[in-house]
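Asks: Before I ask anything, here is the structure I am working with.
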Amino acid sequence: MLRKIDKNIWIAEQPLKYFGLSVGTRMTVIRFNNGELAVISPIQVDDETTKQLNQLGNVKYIIAPNLFHYLFLSNFKALYPQAKVYAVSALKAKRPEISIDQALEDNGENLLGELECLLFEGFKTLLPSGALPLNEYIFFHAESQTLVLTDTAFYFDETFPMTTKLVSKIIGGYKKLRPSLLEQLATQEKEKVKQSVQKVLRWDFRRVIVAHGSIVEHDAKKQFKEGYEWFLGESL
């Protein structure tokens, strides 16, 4: 079910386990002034959510923001075959069976002038197979002063199960808006990350929506800055 966050922005959530941990996942829906909708990180939607989306407007853009958030993309596209799929170009090589209409790299820094986007360069995550790039695009919805992240930061709090809270306390992300220790260890190109963070901090955001964790409504920009100061090991 969709939940309204602010003017022209909604979210929907579903349970998700990652390496056995309950982390949940979240999609974000942006409505443009012309009534078209952009859906970032689509989840497996039910009939009620589909009905709500259809009442809000016309689903025009389906966005896979990085190399990992594509699991429900094809199912969502089947519900809205007229929508265009936007994704990082590297996803074509990783998952050639997924039909991509346009690479986010080809879109510049704005989607219809109402949703700004930025490639978060240099950032990697650590998996059993090694350190892998996210190739993540992050988004800024100026109308609601909302920053939309996917896997470049987390925020787990007391609403999550005990095991998730315990692990996030150990590796980072418990009541702190930041990446985990795994991303810190995997990422070597810290200067590229720093440049990306500095660009993000130019945006006037007061809220951060993350794909995994709770939405940050208070001191979000300050928390984002402090989280990446920890990640980079220096002041910004």
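In the structure tokens, each chain is lettered A, B, ... as it comes, each chain's residues begin at 1, and ligands are numbered from 1 in order of appearance.
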Mind checking which residues fall within 6 Å of range 126-140 of chain A, counting only C-alpha atoms, ignoring those fewer than 3 positions away in the same chain, and posting them as number ranges by chain?

Replies: A: 65-67, 115-120, 146-149, 182-183, 186

Asks: Going by DSSP on the backbone, which residues of range 23-134 of chain A come out as strand (DSSP E or B)? List them as a VMD selection string.

Replies: chain A and resid 25 to 31 36 to 40 58 to 64 84 to 87 102 to 103 110 to 111 115 to 119 124 to 127 130 to 133

Asks: Leaving out Ser89 in chain A and any residue of its chain fewer than 4 positions from it, which residues lie within 9 Å of it when counting only C-alpha atoms, given as a ChimeraX atom specification?

Replies: /A:93,100,102-105

Asks: Quick one: DSSP helix (DSSP H, G or I) residues in range 17-235 of chain A, as a CSV table (one decimal) with N, CA and C atoms, in the first residue's frame?

Replies:
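And here is the file that came out, part_37.csv:
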chain,number,residue,atom,x,y,z
A,47,ASP,N,-2.6,-5.8,-5.6
A,47,ASP,CA,-3.7,-5.1,-6.4
A,47,ASP,C,-4.0,-3.8,-5.8
A,48,GLU,N,-4.0,-3.6,-4.5
A,48,GLU,CA,-4.4,-2.4,-3.8
A,48,GLU,C,-3.4,-1.3,-4.2
A,49,THR,N,-2.1,-1.6,-4.2
A,49,THR,CA,-1.1,-0.6,-4.5
A,49,THR,C,-1.1,-0.3,-6.0
A,50,THR,N,-1.4,-1.2,-6.8
A,50,THR,CA,-1.6,-0.9,-8.3
A,50,THR,C,-2.7,0.0,-8.5
A,51,LYS,N,-3.8,-0.3,-7.8
A,51,LYS,CA,-5.0,0.6,-7.9
A,51,LYS,C,-4.7,2.0,-7.5
A,52,GLN,N,-3.9,2.2,-6.4
A,52,GLN,CA,-3.5,3.5,-5.9
A,52,GLN,C,-2.7,4.2,-6.9
A,53,LEU,N,-1.7,3.5,-7.5
A,53,LEU,CA,-0.8,4.1,-8.5
A,53,LEU,C,-1.6,4.6,-9.7
A,54,ASN,N,-2.6,3.8,-10.1
A,54,ASN,CA,-3.4,4.2,-11.3
A,54,ASN,C,-4.3,5.4,-11.0
A,55,GLN,N,-4.6,5.6,-9.7
A,55,GLN,CA,-5.4,6.8,-9.3
A,55,GLN,C,-4.5,8.0,-9.2
A,56,LEU,N,-3.3,7.8,-8.9
A,56,LEU,CA,-2.3,9.0,-8.8
A,56,LEU,C,-2.0,9.6,-10.1
A,73,LEU,N,11.8,-5.6,-11.1
A,73,LEU,CA,11.7,-4.7,-12.2
A,73,LEU,C,10.8,-5.3,-13.4
A,74,SER,N,11.1,-6.5,-13.8
A,74,SER,CA,10.4,-7.1,-14.9
A,74,SER,C,8.9,-7.3,-14.6
A,75,ASN,N,8.6,-7.8,-13.3
A,75,ASN,CA,7.2,-7.9,-12.9
A,75,ASN,C,6.5,-6.6,-12.9
A,76,PHE,N,7.1,-5.6,-12.5
A,76,PHE,CA,6.5,-4.2,-12.5
A,76,PHE,C,6.3,-3.7,-13.9
A,77,LYS,N,7.3,-3.9,-14.7
A,77,LYS,CA,7.2,-3.5,-16.1
A,77,LYS,C,6.0,-4.2,-16.8
A,78,ALA,N,5.8,-5.5,-16.5
A,78,ALA,CA,4.6,-6.2,-17.0
A,78,ALA,C,3.3,-5.6,-16.7
A,79,LEU,N,3.2,-5.0,-15.5
A,79,LEU,CA,2.0,-4.3,-15.1
A,79,LEU,C,1.8,-3.0,-15.9
A,90,ALA,N,25.4,-0.5,-17.1
A,90,ALA,CA,26.1,-1.7,-16.7
A,90,ALA,C,25.1,-2.8,-16.4
A,91,LEU,N,23.9,-2.5,-16.1
A,91,LEU,CA,22.9,-3.5,-15.8
A,91,LEU,C,22.6,-4.4,-17.0
A,92,LYS,N,22.8,-3.8,-18.2
A,92,LYS,CA,22.5,-4.5,-19.5
A,92,LYS,C,23.5,-5.7,-19.6
A,93,ALA,N,24.7,-5.5,-19.1
A,93,ALA,CA,25.7,-6.6,-19.2
A,93,ALA,C,25.4,-7.6,-18.0
A,94,LYS,N,25.0,-7.1,-16.9
A,94,LYS,CA,24.8,-8.0,-15.7
A,94,LYS,C,23.5,-8.8,-15.9
A,104,LEU,N,20.5,5.7,-17.5
A,104,LEU,CA,20.5,6.9,-16.7
A,104,LEU,C,21.6,7.8,-17.0
A,105,GLU,N,22.7,7.3,-17.5
A,105,GLU,CA,23.9,8.1,-17.9
A,105,GLU,C,23.5,9.1,-19.0
A,106,ASP,N,22.6,8.7,-19.8
A,106,ASP,CA,22.2,9.5,-21.0
A,106,ASP,C,21.2,10.6,-20.7
A,107,ASN,N,20.8,10.6,-19.5
A,107,ASN,CA,19.7,11.5,-19.1
A,107,ASN,C,20.1,12.9,-18.5
A,142,ALA,N,13.1,18.3,-5.4
A,142,ALA,CA,13.2,19.6,-4.8
A,142,ALA,C,11.9,20.1,-4.2
A,143,GLU,N,10.8,19.7,-4.8
A,143,GLU,CA,9.5,20.2,-4.3
A,143,GLU,C,9.2,19.7,-2.8
A,144,SER,N,9.6,18.5,-2.5
A,144,SER,CA,9.5,18.0,-1.1
A,144,SER,C,10.8,18.1,-0.3
A,162,MET,N,15.5,-7.8,16.5
A,162,MET,CA,16.6,-7.7,17.4
A,162,MET,C,17.9,-8.0,16.7
A,163,THR,N,17.9,-9.1,15.8
A,163,THR,CA,19.1,-9.5,15.1
A,163,THR,C,19.6,-8.4,14.2
A,164,THR,N,18.7,-7.7,13.5
A,164,THR,CA,19.0,-6.6,12.6
A,164,THR,C,19.6,-5.5,13.4
A,165,LYS,N,19.0,-5.2,14.5
A,165,LYS,CA,19.5,-4.1,15.4
A,165,LYS,C,20.9,-4.4,15.8
A,166,LEU,N,21.2,-5.6,16.3
A,166,LEU,CA,22.5,-6.0,16.8
A,166,LEU,C,23.5,-5.9,15.7
A,167,VAL,N,23.3,-6.5,14.5
A,167,VAL,CA,24.2,-6.4,13.4
A,167,VAL,C,24.5,-5.0,13.0
A,168,SER,N,23.4,-4.2,12.9
A,168,SER,CA,23.6,-2.8,12.5
A,168,SER,C,24.4,-2.0,13.5
A,169,LYS,N,24.3,-2.4,14.8
A,169,LYS,CA,25.1,-1.7,15.8
A,169,LYS,C,26.6,-2.1,15.6
A,170,ILE,N,26.9,-3.3,15.2
A,170,ILE,CA,28.3,-3.7,15.0
A,170,ILE,C,28.9,-3.1,13.7
A,171,ILE,N,28.2,-3.2,12.6
A,171,ILE,CA,28.8,-2.7,11.3
A,171,ILE,C,28.3,-1.3,10.9
A,181,LEU,N,30.1,-0.8,7.6
A,181,LEU,CA,31.5,-1.1,7.6
A,181,LEU,C,31.9,-1.9,6.3
A,182,LEU,N,31.0,-2.7,5.8
A,182,LEU,CA,31.3,-3.5,4.6
A,182,LEU,C,31.6,-2.6,3.4
A,183,GLU,N,30.8,-1.5,3.3
A,183,GLU,CA,31.0,-0.6,2.2
A,183,GLU,C,32.3,0.2,2.4
A,184,GLN,N,32.5,0.5,3.7
A,184,GLN,CA,33.8,1.3,4.0
A,184,GLN,C,35.0,0.5,3.7
A,185,LEU,N,35.0,-0.8,4.0
A,185,LEU,CA,36.1,-1.7,3.6
A,185,LEU,C,36.3,-1.9,2.1
A,186,ALA,N,35.1,-2.0,1.4
A,186,ALA,CA,35.2,-2.3,0.0
A,186,ALA,C,35.6,-1.1,-0.9
A,190,LYS,N,38.1,6.7,-2.3
A,190,LYS,CA,37.4,7.6,-1.4
A,190,LYS,C,37.3,9.0,-1.9
A,191,GLU,N,38.3,9.4,-2.7
A,191,GLU,CA,38.2,10.8,-3.3
A,191,GLU,C,37.0,11.0,-4.2
A,192,LYS,N,36.7,10.0,-5.0
A,192,LYS,CA,35.5,10.0,-5.9
A,192,LYS,C,34.3,10.1,-5.0
A,193,VAL,N,34.2,9.3,-4.0
A,193,VAL,CA,33.1,9.3,-3.1
A,193,VAL,C,32.9,10.7,-2.4
A,194,LYS,N,34.0,11.3,-2.0
A,194,LYS,CA,34.0,12.6,-1.4
A,194,LYS,C,33.4,13.6,-2.3
A,195,GLN,N,33.8,13.6,-3.6
A,195,GLN,CA,33.3,14.5,-4.6
A,195,GLN,C,31.8,14.4,-4.8
A,196,SER,N,31.4,13.1,-4.8
A,196,SER,CA,29.9,12.9,-4.9
A,196,SER,C,29.2,13.4,-3.7
A,197,VAL,N,29.7,13.1,-2.5
A,197,VAL,CA,29.0,13.6,-1.3
A,197,VAL,C,28.9,15.1,-1.3
A,198,GLN,N,30.0,15.8,-1.7
A,198,GLN,CA,30.0,17.3,-1.8
A,198,GLN,C,28.9,17.8,-2.7
A,199,LYS,N,28.7,17.1,-3.8
A,199,LYS,CA,27.7,17.5,-4.8
A,199,LYS,C,26.3,17.3,-4.1
A,200,VAL,N,26.1,16.2,-3.4
A,200,VAL,CA,24.8,15.9,-2.7
A,200,VAL,C,24.5,17.0,-1.7
A,220,ALA,N,18.2,15.5,8.6
A,220,ALA,CA,18.6,14.5,7.6
A,220,ALA,C,19.9,14.9,6.9
A,221,LYS,N,20.0,16.2,6.6
A,221,LYS,CA,21.2,16.6,5.9
A,221,LYS,C,22.4,16.6,6.8
A,222,LYS,N,22.3,17.0,8.0
A,222,LYS,CA,23.3,16.9,9.0
A,222,LYS,C,23.8,15.4,9.3
A,223,GLN,N,22.8,14.6,9.4
A,223,GLN,CA,23.1,13.2,9.6
A,223,GLN,C,23.8,12.5,8.4
A,224,PHE,N,23.4,12.9,7.2
A,224,PHE,CA,24.0,12.4,6.0
A,224,PHE,C,25.5,12.8,6.0
A,225,LYS,N,25.7,14.1,6.3
A,225,LYS,CA,27.1,14.6,6.3
A,225,LYS,C,27.9,13.9,7.3
A,226,GLU,N,27.4,13.8,8.5
A,226,GLU,CA,28.2,13.1,9.6
A,226,GLU,C,28.4,11.6,9.3
A,227,GLY,N,27.5,11.0,8.6
A,227,GLY,CA,27.6,9.6,8.3
A,227,GLY,C,28.8,9.4,7.3
A,228,TYR,N,28.9,10.3,6.3
A,228,TYR,CA,30.0,10.2,5.4
A,228,TYR,C,31.3,10.8,5.9
A,229,GLU,N,31.3,11.6,6.9
A,229,GLU,CA,32.5,12.0,7.5
A,229,GLU,C,33.1,10.7,8.2
A,230,TRP,N,32.2,10.0,8.8
A,230,TRP,CA,32.7,8.7,9.4
A,230,TRP,C,33.2,7.8,8.4
A,231,PHE,N,32.5,7.6,7.3
A,231,PHE,CA,32.9,6.7,6.2
A,231,PHE,C,34.2,7.1,5.6
A,232,LEU,N,34.4,8.4,5.4
A,232,LEU,CA,35.6,8.9,4.7
A,232,LEU,C,36.8,9.1,5.7

Asks: With the cut-off set at 12 Å and counting only C-alpha atoms, tabulate each residue of range 61-162 of chain A with an atom at most that distance from an atom of range 19-26 of chain A, showing the nearest atom pair and its distance in Å to one decimal, ordered by chain and increasing number, as JSON lines.

Replies:
{"residue": "A:His69", "atom": "CA", "partner": "A:Thr25", "partner_atom": "CA", "distance": 9.6}
{"residue": "A:Tyr70", "atom": "CA", "partner": "A:Thr25", "partner_atom": "CA", "distance": 11.9}
{"residue": "A:Leu71", "atom": "CA", "partner": "A:Thr25", "partner_atom": "CA", "distance": 11.2}
{"residue": "A:Phe72", "atom": "CA", "partner": "A:Thr25", "partner_atom": "CA", "distance": 11.2}
{"residue": "A:Leu127", "atom": "CA", "partner": "A:Phe19", "partner_atom": "CA", "distance": 10.1}
{"residue": "A:Pro128", "atom": "CA", "partner": "A:Phe19", "partner_atom": "CA", "distance": 10.6}
{"residue": "A:Val148", "atom": "CA", "partner": "A:Arg26", "partner_atom": "CA", "distance": 10.6}
{"residue": "A:Leu149", "atom": "CA", "partner": "A:Arg26", "partner_atom": "CA", "distance": 10.3}
{"residue": "A:Thr150", "atom": "CA", "partner": "A:Arg26", "partner_atom": "CA", "distance": 8.7}
{"residue": "A:Asp151", "atom": "CA", "partner": "A:Thr25", "partner_atom": "CA", "distance": 10.4}
{"residue": "A:Phe154", "atom": "CA", "partner": "A:Val23", "partner_atom": "CA", "distance": 9.5}
{"residue": "A:Tyr155", "atom": "CA", "partner": "A:Val23", "partner_atom": "CA", "distance": 9.9}
{"residue": "A:Phe156", "atom": "CA", "partner": "A:Val23", "partner_atom": "CA", "distance": 8.1}
{"residue": "A:Asp157", "atom": "CA", "partner": "A:Val23", "partner_atom": "CA", "distance": 10.8}
{"residue": "A:Thr159", "atom": "CA", "partner": "A:Val23", "partner_atom": "CA", "distance": 10.7}
{"residue": "A:Phe160", "atom": "CA", "partner": "A:Ser22", "partner_atom": "CA", "distance": 7.5}
{"residue": "A:Pro161", "atom": "CA", "partner": "A:Ser22", "partner_atom": "CA", "distance": 7.0}
{"residue": "A:Met162", "atom": "CA", "partner": "A:Ser22", "partner_atom": "CA", "distance": 9.6}

Asks: Could you please determine the separation between CA of Glu189 in chain A and CA of Gly122 in chain A in Å, to one decimal place?

Replies: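 Distance between the two atoms: 5.1 Å.
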
Asks: Can you work out which one of A:Phe32, A:Phe123, A:Tyr61, A:Phe68 has the shortest atom-to-atom distance to Ala211 in chain A, counting only C-alpha atoms?

Replies: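 Going through A:Phe32, A:Phe123, A:Tyr61, A:Phe68 one by one, the smallest distance to Ala211 in chain A is for A:Phe68.
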
Asks: Of the candidates A:Val45, A:Leu177, A:Ile11, A:Val85, which shows the shortest atom-to-atom distance to Val216 in chain A, using only C-alpha atoms?

Replies: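 Once distances to Val216 in chain A are computed over only C-alpha atoms, the minimum belongs to A:Leu177.
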
Asks: Calculate how many Å separate CA of Asn58 in chain A from CA of Trp203 in chain A, rounding to one decimal.

Replies: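 Between CA of Asn58 in chain A and CA of Trp203 in chain A the gap is 27.4 Å.
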
Asks: With only C-alpha atoms as the counted atoms, please give the residues lying no more than 12 Å from Glu36 in chain A, apart from itself and same-chain residues fewer than 5 positions off, as JSON, numbers by chain.

Replies: {"A": [8, 29, 30, 31, 53, 54, 55, 56, 57, 58, 59, 60, 61, 62, 82, 83, 84, 111, 112, 114]}

Asks: Grab the residues selected above and save them as a PDB file, in the first residue's frame with N, CA and C atoms.

Replies:
ATOM      1  N   ASN A   8       3.321  15.198  -3.708  1.00  0.00           N
ATOM      2  CA  ASN A   8       3.773  14.518  -4.925  1.00  0.00           C
ATOM      3  C   ASN A   8       4.866  13.476  -4.696  1.00  0.00           C
ATOM      4  N   VAL A  29       7.716   6.775  -5.121  1.00  0.00           N
ATOM      5  CA  VAL A  29       6.926   7.223  -6.276  1.00  0.00           C
ATOM      6  C   VAL A  29       6.894   8.746  -6.299  1.00  0.00           C
ATOM      7  N   ILE A  30       7.289   9.305  -7.419  1.00  0.00           N
ATOM      8  CA  ILE A  30       7.274  10.760  -7.619  1.00  0.00           C
ATOM      9  C   ILE A  30       6.250  11.095  -8.695  1.00  0.00           C
ATOM     10  N   ARG A  31       5.392  12.075  -8.417  1.00  0.00           N
ATOM     11  CA  ARG A  31       4.448  12.538  -9.432  1.00  0.00           C
ATOM     12  C   ARG A  31       4.908  13.882  -9.977  1.00  0.00           C
ATOM     13  N   LEU A  53      -1.707   3.493  -7.495  1.00  0.00           N
ATOM     14  CA  LEU A  53      -0.836   4.089  -8.510  1.00  0.00           C
ATOM     15  C   LEU A  53      -1.649   4.600  -9.690  1.00  0.00           C
ATOM     16  N   ASN A  54      -2.596   3.812 -10.123  1.00  0.00           N
ATOM     17  CA  ASN A  54      -3.417   4.209 -11.264  1.00  0.00           C
ATOM     18  C   ASN A  54      -4.269   5.433 -10.955  1.00  0.00           C
ATOM     19  N   GLN A  55      -4.645   5.589  -9.689  1.00  0.00           N
ATOM     20  CA  GLN A  55      -5.413   6.763  -9.285  1.00  0.00           C
ATOM     21  C   GLN A  55      -4.540   8.009  -9.214  1.00  0.00           C
ATOM     22  N   LEU A  56      -3.258   7.817  -8.915  1.00  0.00           N
ATOM     23  CA  LEU A  56      -2.342   8.961  -8.785  1.00  0.00           C
ATOM     24  C   LEU A  56      -1.982   9.576 -10.129  1.00  0.00           C
ATOM     25  N   GLY A  57      -1.813   8.734 -11.128  1.00  0.00           N
ATOM     26  CA  GLY A  57      -1.386   9.245 -12.425  1.00  0.00           C
ATOM     27  C   GLY A  57      -0.968   8.119 -13.350  1.00  0.00           C
ATOM     28  N   ASN A  58      -0.167   8.461 -14.338  1.00  0.00           N
ATOM     29  CA  ASN A  58       0.274   7.518 -15.355  1.00  0.00           C
ATOM     30  C   ASN A  58       1.723   7.114 -15.083  1.00  0.00           C
ATOM     31  N   VAL A  59       1.939   5.824 -14.795  1.00  0.00           N
ATOM     32  CA  VAL A  59       3.303   5.354 -14.557  1.00  0.00           C
ATOM     33  C   VAL A  59       4.084   5.450 -15.862  1.00  0.00           C
ATOM     34  N   LYS A  60       5.032   6.360 -15.903  1.00  0.00           N
ATOM     35  CA  LYS A  60       5.783   6.655 -17.126  1.00  0.00           C
ATOM     36  C   LYS A  60       7.229   6.176 -17.057  1.00  0.00           C
ATOM     37  N   TYR A  61       7.817   6.225 -15.863  1.00  0.00           N
ATOM     38  CA  TYR A  61       9.227   5.874 -15.692  1.00  0.00           C
ATOM     39  C   TYR A  61       9.389   4.837 -14.581  1.00  0.00           C
ATOM     40  N   ILE A  62      10.095   3.765 -14.882  1.00  0.00           N
ATOM     41  CA  ILE A  62      10.453   2.756 -13.887  1.00  0.00           C
ATOM     42  C   ILE A  62      11.970   2.779 -13.773  1.00  0.00           C
ATOM     43  N   GLN A  82       3.660   0.232 -20.997  1.00  0.00           N
ATOM     44  CA  GLN A  82       3.885   1.493 -21.709  1.00  0.00           C
ATOM     45  C   GLN A  82       4.971   2.339 -21.052  1.00  0.00           C
ATOM     46  N   ALA A  83       5.371   1.999 -19.834  1.00  0.00           N
ATOM     47  CA  ALA A  83       6.369   2.782 -19.115  1.00  0.00           C
ATOM     48  C   ALA A  83       7.771   2.501 -19.659  1.00  0.00           C
ATOM     49  N   LYS A  84       8.644   3.481 -19.509  1.00  0.00           N
ATOM     50  CA  LYS A  84      10.037   3.332 -19.930  1.00  0.00           C
ATOM     51  C   LYS A  84      10.904   2.933 -18.736  1.00  0.00           C
ATOM     52  N   LEU A 111      15.407  14.651 -14.617  1.00  0.00           N
ATOM     53  CA  LEU A 111      14.361  13.872 -15.262  1.00  0.00           C
ATOM     54  C   LEU A 111      13.140  14.778 -15.334  1.00  0.00           C
ATOM     55  N   LEU A 112      12.826  15.239 -16.550  1.00  0.00           N
ATOM     56  CA  LEU A 112      11.737  16.185 -16.780  1.00  0.00           C
ATOM     57  C   LEU A 112      11.904  17.487 -15.992  1.00  0.00           C
ATOM     58  N   GLU A 114      12.204  17.955 -12.956  1.00  0.00           N
ATOM     59  CA  GLU A 114      11.577  17.944 -11.631  1.00  0.00           C
ATOM     60  C   GLU A 114      12.224  16.954 -10.663  1.00  0.00           C
TER      61      GLU A 114
END

Asks: Quick one: of A:Val39, A:Glu158, A:Gln145, A:Asn34, who's nearest to Phe205 in chain A, counting only C-alpha atoms?

Replies: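 For Phe205 in chain A, the nearest of the given residues is A:Gln145.
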
Asks: Looking at A:Arg202, A:Arg178, A:His141, A:His212, which one is nearest to Asp6 in chain A, with distances taken over only C-alpha atoms?

Replies: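 So, comparing all the options, the nearest one is A:His141.
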